[in-house]
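A.B. asks: Sharing work.txt below, compact mmCIF, C-alpha atoms:
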```
# COMPACT_ATOMS: atom_id res chain seq x y z
CA MET A 17 -5.17 -20.63 11.70
CA MET A 18 -4.36 -23.99 10.15
CA ARG A 19 -7.39 -23.76 7.87
CA TRP A 20 -6.37 -20.25 6.81
CA MET A 21 -2.88 -21.37 5.89
CA GLU A 22 -4.31 -24.28 3.89
CA ALA A 23 -6.62 -21.87 2.06
CA LEU A 24 -3.71 -19.50 1.37
CA ALA A 25 -1.68 -22.35 -0.07
CA GLU A 26 -4.59 -23.23 -2.34
CA ARG A 27 -5.15 -19.60 -3.42
CA THR A 28 -1.58 -18.62 -4.12
CA GLY A 29 -0.27 -21.90 -5.44
CA ALA A 30 2.41 -21.73 -2.77
CA GLY A 31 2.35 -25.46 -2.24
CA SER A 32 2.11 -27.44 0.97
CA LEU A 33 1.11 -26.27 4.41
CA PRO A 34 4.71 -26.43 5.78
CA THR A 35 5.71 -23.98 3.04
CA ILE A 36 3.10 -21.48 4.19
CA GLN A 37 4.08 -21.99 7.82
CA LYS A 38 7.64 -21.08 6.86
CA LEU A 39 6.39 -17.92 5.11
CA TRP A 40 4.09 -16.91 7.95
CA PRO A 41 5.20 -18.50 11.25
CA THR A 42 2.37 -18.12 13.76
CA ASP A 43 4.71 -17.32 16.64
CA ARG A 44 6.18 -14.29 14.84
CA TYR A 45 3.26 -12.70 12.99
CA PRO A 46 -0.27 -11.91 14.22
CA ARG A 47 -3.23 -13.17 12.18
CA SER A 48 -3.96 -9.54 11.42
CA GLY A 49 -1.57 -6.64 11.86
CA THR A 50 -1.72 -5.59 15.51
CA LEU A 51 -2.61 -2.00 14.65
CA GLY A 52 -4.91 -3.10 11.84
CA ASP A 53 -7.12 -5.01 14.27
CA PRO A 54 -9.77 -2.63 15.70
CA SER A 55 -10.26 -4.89 18.74
CA HIS A 56 -6.66 -4.45 19.84
CA PRO A 57 -6.25 -1.82 22.63
CA ARG A 58 -3.38 -0.09 20.83
CA SER A 59 -5.48 0.15 17.67
CA ARG A 60 -7.56 2.99 19.13
CA VAL A 61 -4.43 4.92 20.08
CA ASN A 62 -3.00 4.36 16.61
CA ARG A 63 -6.25 5.42 14.94
CA THR A 64 -6.35 8.63 16.97
CA LEU A 65 -2.71 9.37 16.20
CA ASN A 66 -3.26 8.83 12.47
CA CYS A 67 -6.34 11.08 12.41
CA VAL A 68 -4.60 13.87 14.32
CA LEU A 69 -1.49 13.74 12.11
CA ALA A 70 -3.57 13.60 8.92
CA LEU A 71 -5.69 16.57 9.99
CA VAL A 72 -2.65 18.61 11.05
CA GLY A 73 -0.94 17.68 7.79
CA LEU A 74 -3.89 18.80 5.66
CA VAL A 75 -4.12 22.14 7.48
CA ALA A 76 -0.36 22.80 7.50
CA LEU A 77 0.08 21.78 3.87
CA LEU A 78 -3.01 23.57 2.56
CA PRO A 79 -0.96 26.25 0.68
CA VAL A 80 1.12 23.48 -0.95
CA LEU A 81 -2.00 21.49 -1.86
CA LEU A 82 -3.60 24.56 -3.46
CA LEU A 83 -0.42 25.42 -5.35
CA VAL A 84 -0.06 21.87 -6.69
CA ALA A 85 -3.72 21.82 -7.73
CA LEU A 86 -3.29 25.13 -9.58
CA MET A 87 -0.14 23.91 -11.37
CA ILE A 88 -1.90 20.75 -12.55
CA LYS A 89 -4.96 22.68 -13.73
CA LEU A 90 -2.93 25.24 -15.68
CA THR A 91 -0.53 22.81 -17.39
CA SER A 92 -2.61 19.83 -18.49
CA ARG A 93 -6.11 18.89 -19.47
CA GLY A 94 -8.14 16.87 -16.99
CA PRO A 95 -9.06 16.71 -13.30
CA VAL A 96 -6.69 17.70 -10.54
CA LEU A 97 -7.29 14.57 -8.49
CA TYR A 98 -6.94 11.03 -9.78
CA THR A 99 -8.80 8.15 -8.16
CA GLN A 100 -8.12 4.42 -8.33
CA VAL A 101 -9.51 1.32 -6.68
CA ARG A 102 -6.89 -0.29 -4.46
CA VAL A 103 -6.81 -3.44 -2.32
CA GLY A 104 -6.95 -2.66 1.39
CA LEU A 105 -6.92 -4.48 4.72
CA ASP A 106 -8.01 -8.12 4.76
CA ARG A 107 -9.92 -8.72 8.01
CA ARG A 108 -11.94 -11.72 6.85
CA GLU A 109 -11.86 -15.06 8.55
CA PRO A 110 -9.60 -17.52 6.71
CA LEU A 111 -12.13 -19.89 5.17
CA ARG A 112 -12.02 -21.95 2.02
CA ALA A 113 -13.98 -20.57 -0.93
CA SER A 114 -16.22 -23.67 -0.85
CA TRP A 115 -17.27 -22.75 2.71
CA ASN A 116 -17.77 -19.05 2.13
CA HIS A 117 -19.22 -17.65 -1.11
CA ARG A 118 -17.41 -14.33 -0.56
CA ARG A 119 -14.12 -16.12 -1.17
CA GLU A 120 -15.13 -16.98 -4.74
CA ARG A 121 -14.05 -13.48 -5.79
CA ASP A 122 -11.16 -12.90 -3.44
CA LEU A 123 -9.58 -9.53 -4.22
CA GLY A 124 -7.12 -10.04 -1.36
CA GLY A 125 -8.64 -7.37 0.88
CA ALA A 126 -11.36 -4.74 1.12
CA PRO A 127 -11.33 -2.51 -2.00
CA PHE A 128 -11.32 1.24 -1.51
CA THR A 129 -10.84 4.38 -3.62
CA ILE A 130 -7.46 6.04 -3.24
CA TYR A 131 -6.87 9.75 -3.93
CA LYS A 132 -3.79 11.13 -5.69
CA PHE A 133 -2.82 14.27 -7.53
CA ARG A 134 -2.96 13.43 -11.23
CA THR A 135 0.55 13.05 -12.68
CA MET A 136 -0.28 11.47 -16.06
CA ARG A 137 -2.25 12.41 -19.14
CA VAL A 138 -5.95 11.64 -18.90
CA ASP A 139 -5.62 9.02 -21.67
CA ALA A 140 -2.53 7.38 -20.10
CA GLU A 141 -4.07 3.91 -19.83
CA GLN A 142 -6.17 3.95 -22.95
CA GLY A 143 -5.58 0.65 -24.72
CA SER A 144 -3.10 -0.63 -22.13
CA GLY A 145 -5.10 -0.95 -18.93
CA ALA A 146 -3.38 -1.11 -15.54
CA VAL A 147 0.40 -1.27 -15.94
CA TRP A 148 3.35 -0.30 -13.77
CA ALA A 149 4.80 3.17 -14.12
CA GLN A 150 8.33 3.29 -15.48
CA GLN A 151 11.33 5.59 -15.32
CA ARG A 152 11.01 8.46 -17.80
CA ASP A 153 7.44 7.35 -18.44
CA PRO A 154 6.13 9.27 -21.50
CA ARG A 155 2.64 9.30 -19.99
CA VAL A 156 3.77 11.52 -17.08
CA THR A 157 3.22 15.26 -17.44
CA ALA A 158 5.97 17.81 -16.75
CA VAL A 159 4.38 18.83 -13.46
CA GLY A 160 3.62 15.20 -12.70
CA GLY A 161 7.29 14.30 -12.93
CA LEU A 162 8.14 16.93 -10.32
CA LEU A 163 5.36 15.74 -8.03
CA ARG A 164 6.56 12.16 -8.25
CA GLN A 165 10.16 13.05 -7.40
CA TYR A 166 9.05 14.67 -4.15
CA ARG A 167 6.13 12.21 -3.59
CA LEU A 168 3.74 15.20 -3.50
CA ASP A 169 1.20 13.28 -5.57
CA GLU A 170 0.51 11.10 -2.50
CA LEU A 171 -0.60 13.97 -0.23
CA PRO A 172 -4.35 13.65 -0.96
CA GLN A 173 -4.18 10.21 0.66
CA LEU A 174 -4.35 12.04 3.99
CA LEU A 175 -8.08 12.04 3.20
CA ASN A 176 -7.97 8.23 3.02
CA VAL A 177 -6.35 8.23 6.45
CA LEU A 178 -9.16 10.37 7.88
CA LYS A 179 -11.70 7.99 6.33
CA GLY A 180 -10.04 5.05 8.06
CA GLU A 181 -9.07 3.29 4.82
CA MET A 182 -5.32 3.84 5.26
CA ASN A 183 -2.75 4.67 7.90
CA ILE A 184 0.12 7.06 7.40
CA VAL A 185 2.46 4.06 7.74
CA GLY A 186 1.82 0.63 6.23
CA PRO A 187 2.31 -1.48 3.10
CA ARG A 188 1.49 0.43 -0.09
CA PRO A 189 -1.86 -0.71 -1.57
CA GLU A 190 -1.95 -2.08 -5.11
CA ARG A 191 -4.60 -2.14 -7.83
CA PRO A 192 -6.75 -5.31 -7.94
CA THR A 193 -5.54 -6.43 -11.39
CA ILE A 194 -1.87 -5.95 -10.51
CA PHE A 195 -2.45 -7.51 -7.07
CA ALA A 196 -3.91 -10.60 -8.74
CA GLU A 197 -0.88 -10.89 -10.99
CA LEU A 198 1.67 -10.39 -8.22
CA ARG A 199 0.19 -12.99 -5.90
CA GLU A 200 0.54 -15.53 -8.69
CA HIS A 201 4.30 -14.91 -8.75
CA ILE A 202 5.02 -14.09 -5.08
CA ALA A 203 3.44 -16.51 -2.61
CA GLU A 204 3.89 -14.16 0.36
CA TYR A 205 2.28 -11.18 -1.38
CA PRO A 206 -1.26 -11.57 0.10
CA LEU A 207 0.19 -11.56 3.62
CA ARG A 208 0.84 -7.81 3.27
CA GLN A 209 -2.91 -7.26 3.52
CA ARG A 210 -2.92 -8.29 7.18
CA ALA A 211 -2.00 -4.67 7.97
CA LYS A 212 -3.85 -1.52 6.93
CA PRO A 213 -2.16 0.09 3.88
CA GLY A 214 -0.17 3.28 4.32
CA ILE A 215 1.11 6.38 2.55
CA THR A 216 4.68 5.52 3.49
CA GLY A 217 6.26 2.42 4.94
CA LEU A 218 9.38 0.48 5.77
CA ALA A 219 9.65 -0.59 2.11
CA GLN A 220 9.38 2.99 0.86
CA ILE A 221 12.20 4.35 3.05
CA ASN A 222 14.51 1.45 2.14
CA HIS A 223 13.81 0.83 -1.56
CA HIS A 224 13.06 2.75 -4.75
CA TYR A 225 10.00 2.58 -7.00
CA ASP A 226 9.26 -0.86 -8.47
CA ARG A 227 11.15 -1.58 -11.68
CA SER A 228 10.91 -5.37 -11.71
CA LEU A 229 9.40 -8.36 -9.96
CA GLU A 230 12.53 -8.60 -7.82
CA ASP A 231 11.90 -5.06 -6.55
CA VAL A 232 8.44 -6.17 -5.46
CA ARG A 233 9.90 -9.24 -3.70
CA THR A 234 12.29 -6.98 -1.80
CA LYS A 235 9.47 -4.68 -0.73
CA VAL A 236 7.32 -7.63 0.39
CA HIS A 237 10.19 -8.65 2.67
CA TYR A 238 10.19 -5.17 4.22
CA ASP A 239 6.37 -5.12 4.49
CA LEU A 240 6.28 -8.43 6.38
CA GLU A 241 9.10 -7.25 8.62
CA TYR A 242 7.04 -4.12 9.36
CA ILE A 243 3.98 -6.21 10.28
CA ARG A 244 6.12 -8.31 12.62
CA ARG A 245 7.49 -5.19 14.38
CA GLN A 246 4.36 -3.05 14.08
CA SER A 247 3.90 -0.52 16.88
CA VAL A 248 3.23 3.18 17.38
CA ALA A 249 6.93 3.76 18.05
CA GLU A 250 7.87 1.98 14.82
CA ASP A 251 5.37 4.10 12.88
CA LEU A 252 6.84 7.32 14.29
CA ARG A 253 10.35 6.15 13.41
CA ILE A 254 9.31 5.45 9.80
CA MET A 255 7.55 8.82 9.54
CA LEU A 256 10.73 10.62 10.63
CA LYS A 257 12.84 8.63 8.17
CA THR A 258 10.39 9.47 5.37
CA LEU A 259 11.30 13.18 5.51
CA PRO A 260 14.87 12.87 4.17
CA VAL A 261 13.67 10.34 1.58
CA VAL A 262 11.20 12.92 0.27
CA LEU A 263 13.41 16.00 0.55
CA LEU A 264 16.43 14.31 -1.02
CA ARG A 265 14.27 12.64 -3.71
CA ARG A 266 15.65 9.21 -2.88
CA GLY A 267 14.02 6.41 -4.87
CA GLY A 268 11.53 8.66 -6.67
CA TRP A 269 11.20 9.32 -10.40
```
Is it possible to give me this structure as structure tokens?
C.D. replies:
Amino acid sequence: MMRWMEALAERTGAGSLPTIQKLWPTDRYPRSGTLGDPSHPRSRVNRTLNCVLALVGLVALLPVLLLVALMIKLTSRGPVLYTQVRVGLDRREPLRASWNHRRERDLGGAPFTIYKFRTMRVDAEQGSGAVWAQQRDPRVTAVGGLLRQYRLDELPQLLNVLKGEMNIVGPRPERPTIFAELREHIAEYPLRQRAKPGITGLAQINHHYDRSLEDVRTKVHYDLEYIRRQSVAEDLRIMLKTLPVVLLRRGGW
């Protein structure tokens, strides 16, 4: 653990070991999120619960999924689904890059392909690369704006849950380029990867879409609090609280 915290200080530029210990006290946070560790007894229960809920969700929401797909296809050019590489769970042992060649290109976690309904034009990132979405983003299609307000664009990520890449509840995964930028500015940011990413989370039910670096800092606080309290009961509580957030369009744009 001590070596891992030293390596994290070196990676993130967070400073001395006592600083990292303050950010990630070993008596409060597990080395990996309890339910993100496959060796933990509750992990199997959590995995089963996530698979069952994802499968039930896909079946129950099939008419909605088909309707959304048809609306996207009829109103804009391009594919219905949009895929991106995101940074997932970090299960690796905390070694220095000089001791482990895999650390020389540390993405922060295992990369995986996330599925979303397409909400932007197909040329949205041409010339700009990966950038944050913004309120009244001109790249968003008319249908895409509606999907974002009700978070319907995230529904295909139930497939990621079935594949074991995500949970229904957990920190939202970020793109590798944006992840690399954020961990340069927020020392605690890589600690989010100690839990499997999710479709919704404590940060999503308590805060709106990111508009600034301070928004990200606030969400990191919620993500680390979630990891500290992580349990099946906590996940169910967050799922229930997600419903009014979605239906009342709180924090979405």
A.B. asks: Find the residues near region 126-133 of chain A: any atom within 7 Å, counting all atoms listed in the file, skip ones fewer than 5 places away on the same chain, and give them as an MDAnalysis selection string.
C.D. replies: chainID A and resid 96:106 169:173 176
A.B. asks: Go through A:Leu198, A:Ala211, A:Ala76, A:Met182 and flag the residue nearest Ile243 (chain A), using all atoms listed in the file for the distances.
C.D. replies: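 Residue with the minimum atom-to-atom distance to Ile243 (chain A): A:Ala211.
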A.B. asks: Which of these residues is nearest to Arg93 (chain A), using all atoms listed in the file: A:Asp139, A:Ser59, A:Leu178, A:Asn66?
C.D. replies: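 The answer is A:Asp139, which sits nearest to Arg93 (chain A).
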A.B. asks: Looking at all atoms listed in the file, which of A:Thr91, A:Thr258, A:Ser247, A:Thr216 is the one that sits closest to Leu174 (chain A)?
C.D. replies: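 Among A:Thr91, A:Thr258, A:Ser247, A:Thr216, it is A:Thr216 that comes nearest to Leu174 (chain A).
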A.B. asks: Taking into account only C-alpha atoms, which residue in the set A:Lys89, A:His237, A:Arg108, A:Arg164 is nearest to Ile202 (chain A)?
C.D. replies: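 Under the stated criterion, the closest residue is A:His237.
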A.B. asks: Measure the distance from CA of Leu74 (chain A) to CA of Arg167 (chain A) in Å and round it to one decimal.
C.D. replies: 15.1 Å
A.B. asks: Calculate how many Å separate CA of Val84 (chain A) from CA of Thr135 (chain A), rounding to one decimal.
C.D. replies: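 Going from CA of Val84 (chain A) over to CA of Thr135 (chain A) covers 10.7 Å.
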A.B. asks: Given the choices A:Pro213, A:Pro192, A:Pro154, A:Gly125, which gets closest to Arg137 (chain A) if the distance is worked out from all atoms listed in the file?
C.D. replies: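 Ranking A:Pro213, A:Pro192, A:Pro154, A:Gly125 by distance to Arg137 (chain A), first place goes to A:Pro154.
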A.B. asks: Using only C-alpha atoms, pick whichever of A:Val248, A:Asp231, A:Val262, A:Leu207 has the shortest atom-to-atom distance to Val61 (chain A).
C.D. replies: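 Checking each candidate against Val61 (chain A), we get A:Val248 as the closest.
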A.B. asks: Between CA of Pro187 (chain A) and CA of Asp239 (chain A), what is the distance in Å, rounded to a tenth?
C.D. replies: 5.6 Å
A.B. asks: Considering only C-alpha atoms, return as an MDAnalysis selection string whatever protein or nucleic-acid residues lie within 9 Å of Val138 (chain A), sequence-local ones (same chain, fewer than 6 positions apart) excluded.
C.D. replies: chainID A and resid 92:95 155
A.B. asks: Give as a PyMOL selection string each residue that has an atom at most 12 Å from (-3.1, -5.6, -11.1) in the file, counting only C-alpha atoms.
C.D. replies: chain A and resi 100-103+123-124+145-148+189-200
A.B. asks: Go ahead and write the residues just picked, C-alpha atoms, as an mmCIF file, keeping the file's coordinate frame.
C.D. replies:
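The file below, again.cif, is the result:
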```cif
data_model
loop_
_atom_site.group_PDB
_atom_site.id
_atom_site.type_symbol
_atom_site.label_atom_id
_atom_site.label_comp_id
_atom_site.auth_asym_id
_atom_site.auth_seq_id
_atom_site.Cartn_x
_atom_site.Cartn_y
_atom_site.Cartn_z
ATOM 1 C CA GLN A 100 -8.120 4.420 -8.330
ATOM 2 C CA VAL A 101 -9.510 1.320 -6.680
ATOM 3 C CA ARG A 102 -6.890 -0.290 -4.460
ATOM 4 C CA VAL A 103 -6.810 -3.440 -2.320
ATOM 5 C CA LEU A 123 -9.580 -9.530 -4.220
ATOM 6 C CA GLY A 124 -7.120 -10.040 -1.360
ATOM 7 C CA GLY A 145 -5.100 -0.950 -18.930
ATOM 8 C CA ALA A 146 -3.380 -1.110 -15.540
ATOM 9 C CA VAL A 147 0.400 -1.270 -15.940
ATOM 10 C CA TRP A 148 3.350 -0.300 -13.770
ATOM 11 C CA PRO A 189 -1.860 -0.710 -1.570
ATOM 12 C CA GLU A 190 -1.950 -2.080 -5.110
ATOM 13 C CA ARG A 191 -4.600 -2.140 -7.830
ATOM 14 C CA PRO A 192 -6.750 -5.310 -7.940
ATOM 15 C CA THR A 193 -5.540 -6.430 -11.390
ATOM 16 C CA ILE A 194 -1.870 -5.950 -10.510
ATOM 17 C CA PHE A 195 -2.450 -7.510 -7.070
ATOM 18 C CA ALA A 196 -3.910 -10.600 -8.740
ATOM 19 C CA GLU A 197 -0.880 -10.890 -10.990
ATOM 20 C CA LEU A 198 1.670 -10.390 -8.220
ATOM 21 C CA ARG A 199 0.190 -12.990 -5.900
ATOM 22 C CA GLU A 200 0.540 -15.530 -8.690
#
```
A.B. asks: Using all atoms listed in the file, which protein or nucleic acid residues come within 9 Å of Val177 (chain A)? Drop anything in the same chain fewer than 2 positions from it, and give the result as a list in words.
C.D. replies: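 So, after excluding close chain neighbours, the residues are Arg63, Asn66, Cys67, Ala70, Gln173, Leu174, Leu175, Lys179, Gly180, Glu181, Met182, Asn183, Ile184, Gly214 and Ile215 of chain A.
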